Number of protein chains: 2
Amino acid sequence: MKLFKREDKAEPTHEPFRGRIGIIGAGALGAFYGARLSRAGHDVHFLMRRDYEAVQADGLHIKSFEGDFHINPPVYASAEEIGRCDLVIIGLKSTDNAVLQSLLEYVADDKTLILTLQNGLGNEEAIASALGGESAASQILGGTAFLCSNRIGPGKIHHSDHGWIRMAEFQGEAQPRTHAVAALFKSAGIRCELADSLLHARWEKLVWNIPFNGLGVAARGADTETVLSSEPLSATARGLMEEVVAAAKADRVTLNPEIVKRMMNNTKTMGAYKTSMQVDYEAGRPLELEAIIGEPLRRAQKAAIPTPRMEMLYGILLRLNELSRPA
Amino acid sequence: MKLFKREDKAEPTHEPFRGRIGIIGAGALGAFYGARLSRAGHDVHFLMRRDYEAVQADGLHIKSFEGDFHINPPVYASAEEIGRCDLVIIGLKSTDNAVLQSLLEYVADDKTLILTLQNGLGNEEAIASALGGESAASQILGGTAFLCSNRIGPGKIHHSDHGWIRMAEFQGEAQPRTHAVAALFKSAGIRCELADSLLHARWEKLVWNIPFNGLGVAARGADTETVLSSEPLSATARGLMEEVVAAAKADRVTLNPEIVKRMMNNTKTMGAYKTSMQVDYEAGRPLELEAIIGEPLRRAQKAAIPTPRMEMLYGILLRLNELSRPA
């Protein structure tokens, strides 16, 4: 899915980040990136919940279109056992942000870098608040991951497509450390480019995520092909994209309106793709509703930017999310 | 539910319509009105499908807040057996309009009056087309029924609230026959007022029906209370109402924008009300989607009136409607 233009800038070569790396939230995303870093020789420590025993016994199996591999990394059942890290990569679902504080207190001090690869808006703020301290926000980097991966069994990840990352400091410009973290991923064969602005990158990803994650669930199990083949749903997806482009201005992010046409066209080439929100919904898991729709909507409404479709989508999904959870 | 203002005009007294009356589509609505007319001594003939045998054996039982009653009317399993009528009252779901022609050919000639009490837009046109003939449209009257009734068993109807009708000629002004049909209902204790314009009455009813029928299904089983208690759904209902008020202009119907506030307020007094579309959806029956949302949306779009919420609602409901039907 070539939804996002990649600019092939000639960047100066940086030394990869060195230090103890903790993967917090080693699901389909965290486990994949952690495994690639681990295979490349970095010092990676995995926090795992349901797959702890499987990985403890038999390691991580990555089935990948770029080549299958298997590693036996250090795996832990609690953040306390991992202990302090120099870099913590957050792969938790944003719906688990409430537990951030109870994890970060063991793995992060005020020198630790935190890179969140979570979806949507508000995660950096949640991490800063979980870290506490005045300068917490300055420890945070954020990235948008363009990755198709699924957990296909205990300790087994299927990496079916893509994998690149767009990354930036949460606050301010790129620093030597930012380049070092990007170089870390590159050293593991992961394309990683720096964005001028994390907010810009996050909003740009939302232009696609809001319509296709949202409608996929609201129109019950509608994959990208189903949305595009319905005249009113396809027009609604386009309308939602336009609303997100407008809403981004609430964060002083100016997106090129051409992005709508480009994303609609490129989505046509994706086939019948199921979004992560749909996968979560079908599995009865809570939806990443606040990060992906609620927070962008609230920012737009606060800035009085009209977002009728986002509001309706949010209302419907709030209800579906509520119904799908055990009371 | 005092959603619609009633104007108590002093009308001249008219003689009730006299003649053979056929009820086509004797469900919760058709059977109720037919039974009231029958009890009042009119010559009413019922076409019934699934309840034919029950009513044949034991008549129609009406449990009503205005008083229970029981009648043994002439009931038929086919339109052919009913034969020609002077007045045909259509209570079919609009989703059954495809069978109109095969029914009307037996019960209607070019002198028969047809009164449709169906929901939404496009039913009069479907009837005119089913009748055929150049002057077919001039035989048609339409009404909006404000009735809470449910079929609670074979031949058993529960009339829980309301019952009044707002009626008009499909084309042109009220005629003596229009007053006679209104007097017919009044003679059976049914409040029946004439509207200046059928289209106006239909669009006015849609202002309520589109948001609450539509969101009720899209937000899975959301009754009126559930919609109103959700901030984004309630705002969406209001937004949909505003869109319908604007969309009515496509039919040169000017609704007072005050209607939105009034309907939102009055809906608060209704308690947890389930709309007919929701009841249909939960019973796995096809939704009256085209008459209630599709046709109004198409008229708005043809007139280039922005209706983003209606479009989104239609797209989602088309999909749910499709999924709920056996392939």
# chains A, B, ... in the order shown; residues from 1 in each chain; ligands from 1
>>> residues_around(residues="segment 88-90 of chain B", least_positions_apart="6", cutoff="12 Å", atoms="only C-alpha atoms", output="number ranges by chain")
B: 17, 19-27, 29-34, 37, 43-47, 79, 82, 96-97, 99-100, 103-109, 111-119, 123-124, 126-127, 131, 139-145, 181, 185
>>> closest_atom_pairs(of="chain A", to="chain B", cutoff="6 Å", atoms="only C-alpha atoms", output="Markdown table")
| residue | atom | partner | partner_atom | distance |
| --- | --- | --- | --- | --- |
| A:Ala219 | CA | B:Ile316 | CA | 4.9 |
| A:Pro232 | CA | B:Gly315 | CA | 4.8 |
| A:Leu233 | CA | B:Gly315 | CA | 4.9 |
| A:Thr236 | CA | B:Met312 | CA | 5.6 |
| A:Glu311 | CA | B:Pro232 | CA | 5.6 |
| A:Met312 | CA | B:Thr236 | CA | 5.6 |
| A:Gly315 | CA | B:Pro232 | CA | 4.8 |
| A:Ile316 | CA | B:Ala219 | CA | 4.9 |
>>> select_by_dssp(residues="segment 20-92 of chain A", states="helix (DSSP H, G or I)", output="VMD selection string")
chain A and resid 30 to 39 52 to 58 79 to 82
>>> atom_distance(atom1="atom CA of Val260 of chain A", atom2="atom CA of Trp208 of chain A")
8.5 Å
>>> atom_distance(atom1="atom CA of Met241 of chain A", atom2="atom CA of Pro211 of chain B")
23.2 Å
>>> select_by_dssp(residues="segment 41-239 of chain A", states="strand (DSSP E)", output="PyMOL selection string")
chain A and resi 43-47+60-64+69-71+75-76+87-90+113-116+140-153+156-169+192-194
>>> atom_distance(atom1="atom CA of Glu80 of chain A", atom2="atom CA of Ala28 of chain A")
22.5 Å
>>> residues_around(residues="segment 250-254 of chain B", least_positions_apart="2", cutoff="8 Å", atoms="only C-alpha atoms", output="MDAnalysis selection string")
chainID B and resid 199:200 203 245:248 256 299:300 302:303 305
>>> residues_around(residues="Asp58 of chain B", least_positions_apart="3", cutoff="12 Å", atoms="only C-alpha atoms", output="PyMOL selection string")
chain B and resi 51-55+61+70-75+154-156
>>> write_last_selection(atoms="C-alpha atoms", output="PDB file, in the first residue's frame")
ATOM      1  CA  ASP B  51     -52.335 -14.505   9.709  1.00  0.00           C
ATOM      2  CA  TYR B  52     -55.013 -15.598   7.230  1.00  0.00           C
ATOM      3  CA  GLU B  53     -55.837 -18.868   8.959  1.00  0.00           C
ATOM      4  CA  ALA B  54     -55.842 -17.425  12.466  1.00  0.00           C
ATOM      5  CA  VAL B  55     -58.182 -14.582  11.504  1.00  0.00           C
ATOM      6  CA  HIS B  61     -58.178  -9.264  18.377  1.00  0.00           C
ATOM      7  CA  HIS B  70     -62.652  -8.339  18.674  1.00  0.00           C
ATOM      8  CA  ILE B  71     -64.160  -8.606  15.200  1.00  0.00           C
ATOM      9  CA  ASN B  72     -64.775 -11.349  12.672  1.00  0.00           C
ATOM     10  CA  PRO B  73     -64.276  -9.586   9.358  1.00  0.00           C
ATOM     11  CA  PRO B  74     -64.180 -11.033   5.837  1.00  0.00           C
ATOM     12  CA  VAL B  75     -60.606 -12.142   5.285  1.00  0.00           C
ATOM     13  CA  PRO B 154     -51.493 -14.435  14.860  1.00  0.00           C
ATOM     14  CA  GLY B 155     -54.484 -12.124  14.390  1.00  0.00           C
ATOM     15  CA  LYS B 156     -53.532 -10.180  17.500  1.00  0.00           C
TER      16      LYS B 156
END
>>> residues_around(residues="Ala182 of chain A", least_positions_apart="5", cutoff="10 Å", atoms="only C-alpha atoms", output="number ranges by chain")
A: 14-17, 165-168, 176-177, 187, 190-194
>>> write_last_selection(atoms="N, CA and C atoms", output="mmCIF file, in the first residue's frame")
data_model
loop_
_atom_site.group_PDB
_atom_site.id
_atom_site.type_symbol
_atom_site.label_atom_id
_atom_site.label_comp_id
_atom_site.auth_asym_id
_atom_site.auth_seq_id
_atom_site.Cartn_x
_atom_site.Cartn_y
_atom_site.Cartn_z
ATOM 1 N N HIS A 14 24.577 7.860 10.461
ATOM 2 C CA HIS A 14 24.687 7.990 11.910
ATOM 3 C C HIS A 14 24.972 6.636 12.517
ATOM 4 N N GLU A 15 25.587 6.658 13.669
ATOM 5 C CA GLU A 15 25.821 5.428 14.416
ATOM 6 C C GLU A 15 24.505 4.985 15.045
ATOM 7 N N PRO A 16 24.191 3.705 14.961
ATOM 8 C CA PRO A 16 22.956 3.234 15.604
ATOM 9 C C PRO A 16 23.007 3.444 17.116
ATOM 10 N N PHE A 17 21.869 3.691 17.682
ATOM 11 C CA PHE A 17 21.708 3.786 19.122
ATOM 12 C C PHE A 17 22.225 2.515 19.776
ATOM 13 N N ILE A 165 9.074 2.776 9.072
ATOM 14 C CA ILE A 165 8.686 3.657 10.172
ATOM 15 C C ILE A 165 9.000 5.107 9.806
ATOM 16 N N ARG A 166 8.082 5.985 10.178
ATOM 17 C CA ARG A 166 8.352 7.425 10.067
ATOM 18 C C ARG A 166 8.395 7.959 11.495
ATOM 19 N N MET A 167 9.424 8.659 11.814
ATOM 20 C CA MET A 167 9.708 8.940 13.220
ATOM 21 C C MET A 167 10.100 10.394 13.457
ATOM 22 N N ALA A 168 9.849 10.880 14.666
ATOM 23 C CA ALA A 168 10.272 12.242 15.024
ATOM 24 C C ALA A 168 10.293 12.393 16.536
ATOM 25 N N PRO A 176 20.804 14.460 17.593
ATOM 26 C CA PRO A 176 21.660 13.292 17.319
ATOM 27 C C PRO A 176 20.993 11.987 17.770
ATOM 28 N N ARG A 177 20.314 11.996 18.932
ATOM 29 C CA ARG A 177 19.683 10.758 19.430
ATOM 30 C C ARG A 177 18.571 10.271 18.495
ATOM 31 N N SER A 187 19.836 -0.398 10.887
ATOM 32 C CA SER A 187 20.847 -1.449 11.064
ATOM 33 C C SER A 187 20.190 -2.830 11.110
ATOM 34 N N ILE A 190 15.302 -2.212 8.703
ATOM 35 C CA ILE A 190 13.993 -1.559 8.731
ATOM 36 C C ILE A 190 14.164 -0.141 8.199
ATOM 37 N N ARG A 191 13.460 0.169 7.149
ATOM 38 C CA ARG A 191 13.513 1.535 6.644
ATOM 39 C C ARG A 191 12.920 2.472 7.696
ATOM 40 N N CYS A 192 13.644 3.505 8.032
ATOM 41 C CA CYS A 192 13.156 4.432 9.048
ATOM 42 C C CYS A 192 13.507 5.847 8.630
ATOM 43 N N GLU A 193 12.503 6.649 8.366
ATOM 44 C CA GLU A 193 12.795 8.029 7.974
ATOM 45 C C GLU A 193 12.317 8.997 9.033
ATOM 46 N N LEU A 194 12.977 10.112 9.084
ATOM 47 C CA LEU A 194 12.589 11.127 10.065
ATOM 48 C C LEU A 194 11.545 12.058 9.447
#
